[in-house]
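Below is model-v9.cif, which holds mmCIF, C-alpha atoms.
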```cif
data_upload
loop_
_atom_site.group_PDB
_atom_site.id
_atom_site.type_symbol
_atom_site.label_atom_id
_atom_site.label_comp_id
_atom_site.auth_asym_id
_atom_site.auth_seq_id
_atom_site.Cartn_x
_atom_site.Cartn_y
_atom_site.Cartn_z
ATOM 1 C CA MET A 105 -0.570 2.775 75.181
ATOM 2 C CA MET A 106 0.570 -0.560 76.542
ATOM 3 C CA THR A 107 -1.394 -2.178 79.332
ATOM 4 C CA GLU A 108 0.078 -4.384 82.000
ATOM 5 C CA PRO A 109 -0.897 -8.046 81.869
ATOM 6 C CA ILE A 110 -3.566 -9.229 84.282
ATOM 7 C CA LEU A 111 -1.950 -11.310 86.988
ATOM 8 C CA PRO A 112 -3.567 -14.348 88.569
ATOM 9 C CA ALA A 113 -4.385 -14.225 92.254
ATOM 10 C CA PRO A 114 -1.831 -16.113 94.413
ATOM 11 C CA ALA A 115 -4.603 -18.405 95.643
ATOM 12 C CA LEU A 116 -5.415 -19.294 92.025
ATOM 13 C CA VAL A 117 -1.769 -20.093 91.354
ATOM 14 C CA ARG A 118 -1.794 -22.476 94.329
ATOM 15 C CA ALA A 119 -5.056 -24.079 93.169
ATOM 16 C CA VAL A 120 -3.737 -24.585 89.629
ATOM 17 C CA SER A 121 -0.573 -26.104 91.064
ATOM 18 C CA ARG A 122 -2.689 -28.558 93.106
ATOM 19 C CA ALA A 123 -4.807 -29.327 90.039
ATOM 20 C CA SER A 124 -1.684 -29.949 87.949
ATOM 21 C CA ARG A 125 -0.360 -32.458 90.467
ATOM 22 C CA GLY A 126 -3.828 -33.972 90.822
ATOM 23 C CA VAL A 127 -4.325 -34.715 87.118
ATOM 24 C CA VAL A 128 -0.922 -36.397 86.848
ATOM 25 C CA VAL A 129 -1.487 -38.505 89.979
ATOM 26 C CA MET A 130 -4.991 -39.427 88.804
ATOM 27 C CA ALA A 131 -3.722 -40.469 85.366
ATOM 28 C CA LEU A 132 -1.057 -42.644 86.980
ATOM 29 C CA ALA A 133 -3.585 -44.217 89.355
ATOM 30 C CA ILE A 134 -5.985 -44.987 86.510
ATOM 31 C CA CYS A 135 -3.163 -46.541 84.516
ATOM 32 C CA VAL A 136 -2.173 -48.836 87.388
ATOM 33 C CA VAL A 137 -5.751 -49.817 88.284
ATOM 34 C CA THR A 138 -6.919 -50.468 84.716
ATOM 35 C CA VAL A 139 -3.827 -52.530 83.914
ATOM 36 C CA ALA A 140 -4.363 -54.620 87.055
ATOM 37 C CA ILE A 141 -8.038 -55.154 86.253
ATOM 38 C CA ALA A 142 -7.361 -55.892 82.567
ATOM 39 C CA VAL A 143 -4.695 -58.473 83.420
ATOM 40 C CA ALA A 144 -6.881 -60.085 86.099
ATOM 41 C CA ILE A 145 -9.994 -60.281 83.945
ATOM 42 C CA GLY A 146 -8.702 -60.416 80.386
ATOM 43 C CA ASP A 147 -5.693 -61.606 78.503
ATOM 44 C CA SER A 148 -2.305 -60.071 77.760
ATOM 45 C CA ALA A 149 -3.759 -58.021 74.886
ATOM 46 C CA ALA A 150 -6.127 -56.350 77.343
ATOM 47 C CA GLY A 151 -3.241 -55.674 79.720
ATOM 48 C CA TRP A 152 -1.089 -54.133 77.000
ATOM 49 C CA SER A 153 -4.062 -52.117 75.757
ATOM 50 C CA ALA A 154 -4.731 -50.793 79.259
ATOM 51 C CA LEU A 155 -1.045 -49.926 79.632
ATOM 52 C CA LEU A 156 -1.093 -48.089 76.302
ATOM 53 C CA GLY A 157 -4.315 -46.303 77.279
ATOM 54 C CA GLY A 158 -2.771 -45.373 80.622
ATOM 55 C CA GLY A 159 0.303 -44.057 78.844
ATOM 56 C CA ILE A 160 -1.899 -41.943 76.594
ATOM 57 C CA GLY A 161 -3.709 -40.710 79.715
ATOM 58 C CA MET A 162 -0.364 -39.750 81.288
ATOM 59 C CA VAL A 163 0.664 -37.817 78.172
ATOM 60 C CA LEU A 164 -2.703 -36.058 78.147
ATOM 61 C CA SER A 165 -2.260 -35.146 81.823
ATOM 62 C CA LEU A 166 1.085 -33.543 80.965
ATOM 63 C CA VAL A 167 -0.597 -31.643 78.132
ATOM 64 C CA THR A 168 -3.137 -30.409 80.697
ATOM 65 C CA VAL A 169 -0.346 -29.247 83.008
ATOM 66 C CA PHE A 170 1.224 -27.399 80.068
ATOM 67 C CA THR A 171 -2.017 -25.719 78.997
ATOM 68 C CA MET A 172 -2.861 -24.761 82.580
ATOM 69 C CA GLY A 173 0.575 -23.134 82.833
ATOM 70 C CA LEU A 174 -0.051 -21.221 79.615
ATOM 71 C CA ALA A 175 -3.480 -20.175 80.855
ATOM 72 C CA MET A 176 -1.940 -18.782 84.035
ATOM 73 C CA ARG A 177 0.471 -16.641 82.004
ATOM 74 C CA ARG A 178 -2.260 -15.352 79.700
ATOM 75 C CA LEU A 179 -5.463 -14.984 81.704
ATOM 76 C CA ASP A 180 -7.098 -13.181 78.794
ATOM 77 C CA LEU A 181 -6.789 -16.407 76.758
ATOM 78 C CA GLN A 182 -7.502 -18.788 79.637
ATOM 79 C CA ILE A 183 -10.734 -20.189 78.190
ATOM 80 C CA ALA A 184 -9.116 -20.731 74.784
ATOM 81 C CA PHE A 185 -6.303 -22.770 76.324
ATOM 82 C CA MET A 186 -8.661 -24.878 78.419
ATOM 83 C CA MET A 187 -11.085 -25.549 75.549
ATOM 84 C CA GLY A 188 -8.154 -26.367 73.270
ATOM 85 C CA ASP A 189 -6.929 -28.844 75.872
ATOM 86 C CA TYR A 190 -10.267 -30.694 75.955
ATOM 87 C CA LEU A 191 -10.611 -30.648 72.171
ATOM 88 C CA PHE A 192 -7.110 -32.069 71.844
ATOM 89 C CA LYS A 193 -7.983 -34.846 74.321
ATOM 90 C CA VAL A 194 -11.089 -35.828 72.376
ATOM 91 C CA ILE A 195 -9.148 -35.921 69.098
ATOM 92 C CA VAL A 196 -6.385 -38.058 70.633
ATOM 93 C CA MET A 197 -8.966 -40.408 72.145
ATOM 94 C CA VAL A 198 -10.741 -40.919 68.819
ATOM 95 C CA ILE A 199 -7.467 -41.476 66.963
ATOM 96 C CA ALA A 200 -6.228 -43.949 69.601
ATOM 97 C CA VAL A 201 -9.410 -46.021 69.440
ATOM 98 C CA ILE A 202 -9.458 -46.024 65.623
ATOM 99 C CA VAL A 203 -5.807 -47.094 65.448
ATOM 100 C CA ALA A 204 -6.300 -49.764 68.126
ATOM 101 C CA LYS A 205 -9.425 -51.063 66.362
ATOM 102 C CA ASN A 206 -7.341 -51.778 63.280
ATOM 103 C CA LEU A 207 -4.633 -53.612 65.225
ATOM 104 C CA ASP A 208 -5.504 -57.184 66.113
ATOM 105 C CA SER A 209 -2.896 -57.264 68.881
ATOM 106 C CA LEU A 210 -4.745 -54.598 70.931
ATOM 107 C CA ASP A 211 -8.119 -54.641 72.628
ATOM 108 C CA HIS A 212 -9.699 -51.386 71.460
ATOM 109 C CA ARG A 213 -12.422 -51.475 74.140
ATOM 110 C CA THR A 214 -9.906 -51.695 76.971
ATOM 111 C CA LEU A 215 -7.760 -48.954 75.473
ATOM 112 C CA GLY A 216 -10.791 -46.734 74.892
ATOM 113 C CA ILE A 217 -12.182 -47.263 78.384
ATOM 114 C CA THR A 218 -8.802 -46.469 79.941
ATOM 115 C CA VAL A 219 -8.367 -43.264 77.943
ATOM 116 C CA ILE A 220 -11.972 -42.160 78.568
ATOM 117 C CA LEU A 221 -11.668 -42.835 82.318
ATOM 118 C CA SER A 222 -8.441 -40.858 82.410
ATOM 119 C CA ILE A 223 -9.945 -37.883 80.571
ATOM 120 C CA ILE A 224 -13.084 -37.822 82.726
ATOM 121 C CA ALA A 225 -11.090 -38.177 85.944
ATOM 122 C CA GLN A 226 -8.688 -35.409 84.927
ATOM 123 C CA ALA A 227 -11.582 -33.083 84.154
ATOM 124 C CA ALA A 228 -13.232 -33.937 87.475
ATOM 125 C CA ILE A 229 -10.025 -33.287 89.427
ATOM 126 C CA GLN A 230 -9.501 -29.944 87.679
ATOM 127 C CA MET A 231 -13.068 -28.859 88.276
ATOM 128 C CA TRP A 232 -13.193 -30.031 91.894
ATOM 129 C CA ILE A 233 -9.938 -28.333 92.904
ATOM 130 C CA LEU A 234 -10.610 -25.061 91.089
ATOM 131 C CA VAL A 235 -14.247 -24.821 92.216
ATOM 132 C CA SER A 236 -13.518 -25.794 95.807
ATOM 133 C CA ALA A 237 -10.803 -23.132 96.008
ATOM 134 C CA LYS A 238 -13.579 -20.466 95.935
ATOM 135 C CA ILE A 239 -11.228 -17.740 94.813
ATOM 136 C CA PRO A 240 -11.339 -15.009 92.191
ATOM 137 C CA THR A 241 -9.438 -15.786 89.038
ATOM 138 C CA ILE A 242 -8.061 -12.238 88.882
ATOM 139 C CA ASP A 243 -6.495 -10.409 91.809
ATOM 140 C CA PRO A 244 -8.044 -6.907 91.834
ATOM 141 C CA ALA A 245 -4.960 -5.538 93.584
ATOM 142 C CA ASN A 246 -2.773 -6.578 90.642
ATOM 143 C CA SER A 247 -5.165 -5.522 87.881
ATOM 144 C CA PRO A 248 -4.026 -2.612 85.694
ATOM 145 C CA GLN A 249 -5.376 0.789 86.697
ATOM 146 C CA GLU A 250 -7.304 2.868 84.198
#
```
Output the file's structure in the form of structure tokens.
Amino acid sequence: MMTEPILPAPALVRAVSRASRGVVVMALAICVVTVAIAVAIGDSAAGWSALLGGGIGMVLSLVTVFTMGLAMRRLDLQIAFMMGDYLFKVIVMVIAVIVAKNLDSLDHRTLGITVILSIIAQAAIQMWILVSAKIPTIDPANSPQE
């Protein structure tokens, strides 16, 4: 006996769409702001490090958009996709800081701060949008009947 997949509520789809746009915009904003601050306060190595960190943040925001899309298609695995997304971000952050620490041409503190700010801001945007939506994650009208 094959069951129909559980469909997300339309309001949840809209909230996830807003969250997807929000994490990308936030990552871009953090990239611009941290590069400006790093160039104003530090040297060119700090600026390049902030730009690299911002680029990593942008890639991680796109990974978040991808995993949120997967989670919407498979609500039964939603938590696995979201936890995998955060685990992936932590691994990328650690690798980026370790690699930058071994390169004299990059400021590993600036890169690390930029990536950490991006990850925290993305998580905050996701949480704020999804929590403030105050909607069920599953539409009872579209749930399979027993």
Margin query: Between atom CA of Val219 of chain A and atom CA of Gly161 of chain A, what is the distance in Å, rounded to a tenth?
Written below: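 Taking atom CA of Val219 of chain A and atom CA of Gly161 of chain A, their separation equals 5.6 Å.
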Next item on the list: Evaluate the PyMOL selection byres ((chain A and resi 221) around 10) here and jot the selected residues down as a PyMOL selection string.
Entry: chain A and resi 130-131+134-135+138+157-158+161+215-220+222-227
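Closest approach to Ser121 of chain A from the set A:Val169, A:Ile239, A:Val203, A:Leu210 is made by A:Val169, with distances taken over all atoms listed in the file.
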Next item on the list: Taking the file as shown, find all residues satisfying the PyMOL selection byres ((chain A and resi 177-193) around 12) and write them as a ChimeraX atom specification.
Entry: /A:108-113,116-117,120,160-176,194-200,219-224,226-227,230-231,241-243,247
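The interatomic distance for the pair atom CA of Thr214 of chain A and atom CA of Ala142 of chain A works out to 7.4 Å.
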Notebook entry, point to check: At what distance in Å, to one decimal, does atom CA of Ala133 of chain A lie from atom CA of Arg118 of chain A?
Noted result: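 The value is 22.4 Å.
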